[in-house]
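Let me begin by presenting the structure, written as structure tokens, before commenting on it.
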Amino acid sequence: MTVLEFSLLVCACSLIAGLVGALTGLGGGVVLVPVLSLFFKVDIRYAIGASLVSVIATSSGAAAAYVKEGFSNIRIGMFLEIATTLGALLGATLATHVSTHAIAMVFGVVLLFSAYFARKPRSLAERAVPPDPLATRLRLNGSFPDVDGERTYNVQHVPAGWSLMFGAGALSGLLGIGSGAMKVVAMDQAMRIPFKVSTTTSNFMIGVTAAASAGVYLSRGYIDPGLVMPVMLGVLAGSLLGARILVRMHTRWLRLGFAMVIALLAIEMLYNGLSGRI
Amino acid sequence: MLPGRSWTDRRIENILGNLLRAGVFLSALVVSIGGVIYLLRYGHSPVDFRVFRGEPADLRDVRGIIGDTMALQGRGIIQLGLLLLIATPVCRVAFSIFGFAQERDRMYVVFTVIVFSILLYSLLGSA
């Protein structure tokens with residue numbers, strides 16, 4: 001394969017990765033790492049470097065639209081970023097001392113359960129919850145433009161959500177991938193934040209976590225310009241497209257798609273853990 | 001202060017959105033320029049990412065990347081676009097500090113400063 005053919009093919013796959021990443025709040029890495037390493041036979045370290053680039057690109061590309069249209073909640077994002085960045089620091093220091101195979105497998109099992117719980121929308125009765133005093137003090141409650149009009153929400157279980165976010169950050173420091181899934185699940189299942197707000201706020205946050213570790217990967221030589229170019233351009237185009245689709249899409253379908261993607265991610269994690277690739 | 005000009009979450013969100021959009025378009029533009037130069041020179045060479053060699057030293061740090069860009073090297077210009085992409089979320093956090101300060105929301109200024117410090121610590125600590 002010549003460089004030109006390779007660049008065009010990778011660019012096309014990255015477009016899909018950016019689209020899926022923007023719709024699910026997971027970033028493009030979920031699609032890109034397996035595609036690059038299995039289909040294009042790219043060394044896993046280059047693939048992880050490219051995945052990091054794709055996460056920053058999806059995040060910034062889609063967040064521009066999500067923030068302006070009032071989907072991402074910037075206060076929830078900033079407040080939880082304290083947890084994820086602290087967690088990532090801890091994870092990176094622990095990475096050399098613990099068995100990442102075992103962690104990858106535990107994470108895989110957790111993701112399978114999450115896929116099961118996240119697949120179904122909440123009923124109207126489950127949505128109508130009174131404001132939580134801590135969430136009110138932190139000014140986390142908000143509203144967003146749902147398909148059938150503006151909808152307000154009250155954030156629940158702040159300490160549990162914050163702890164899960166810390167765990168998500170630690171995972172990203174330990175494994176390098178997959179923390180977007182934990183972020184969405186923590187906001188959606190623990191903090192009872194509407195699904196579209198959870199995914200778009202996760203999307204808003206993952207860029208910061210990825211940017212924090214970008215320096216390490218760049219200085220280790222994991223990030224190759226021949227991959228950066230097609231990945232970044234493809235993912236950006238895909239994420240802009242994804243952001244336009246999300247606005248009009250019903251939550252039911254987004255949840256179903258999300259559940260399917262994280263179930264695949266779970267299998268990938270279990271496989272990587274068992275085969276010792278992580 | 002004129003009505004509508006005061007600092008609200010809505011206004012911060014709008015500026016943040018524009019900031020992210022500008023960062024993304026600028027980095028995409030730089031990467032495209034570098035990509036064209038790179039493809040013109042290497043487009044017909046065979047591709048090989050099967051074996052990990054690690055990038056040459058000049059593509060691993062800011063000084064080397066700027067040097068390559070000055071020499072109009074395609075690969076260096078692509079990495080410059082990447083640096084702009086990495087800088088985008090960092091600027092987003094930095095601007096949030098300013099925005100929350102304008103809203104006189106002390107709690108969130110503190111939160112954002114913490115995030116910004118951790119971010120700088122991990123970025124600079126590795127370089």
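Chains: A, B, ... in order of the structure tokens. Residues: from 1 per chain. Ligands: from 1, in order shown.
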
Who sits within 12 Å of A:Arg75, only C-alpha atoms, same chain under 4 positions skipped, as a PyMOL selection string: (chain A and resi 67+70-71+79-82+135-142+155+197+201+204-205) or (chain B and resi 9-10+12-13+93+96-97+99-100+105+107-109+111-112)

Taking only C-alpha atoms into account, find every residue of chain B that has an atom no more than 7 Å from chain A, and write it out as a VMD selection string. chain B and resid 13 to 14 17 to 18 20 to 21 24 28 31 35 39 42 to 47 49 to 52 54 to 55 60 to 61 75 78 to 79 86 89 to 90 111 to 112 114 to 115 118 to 119 122 to 123 126 to 127

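For the atom pair formed by atom CA of A:Leu112 and atom CA of A:Thr96, the distance is 26.5 Å, given to one decimal.
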
Could you pull the residues within 7 Å of A:Leu164, counting only C-alpha atoms, minus those fewer than 4 positions along the same chain, as a ChimeraX atom specification? /A:160,168,186

To one decimal place, how far is atom CA of A:Pro159 from atom CA of A:Phe144 in Å?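 Answer for the atom CA of A:Pro159 to atom CA of A:Phe144 separation: 23.1 Å.
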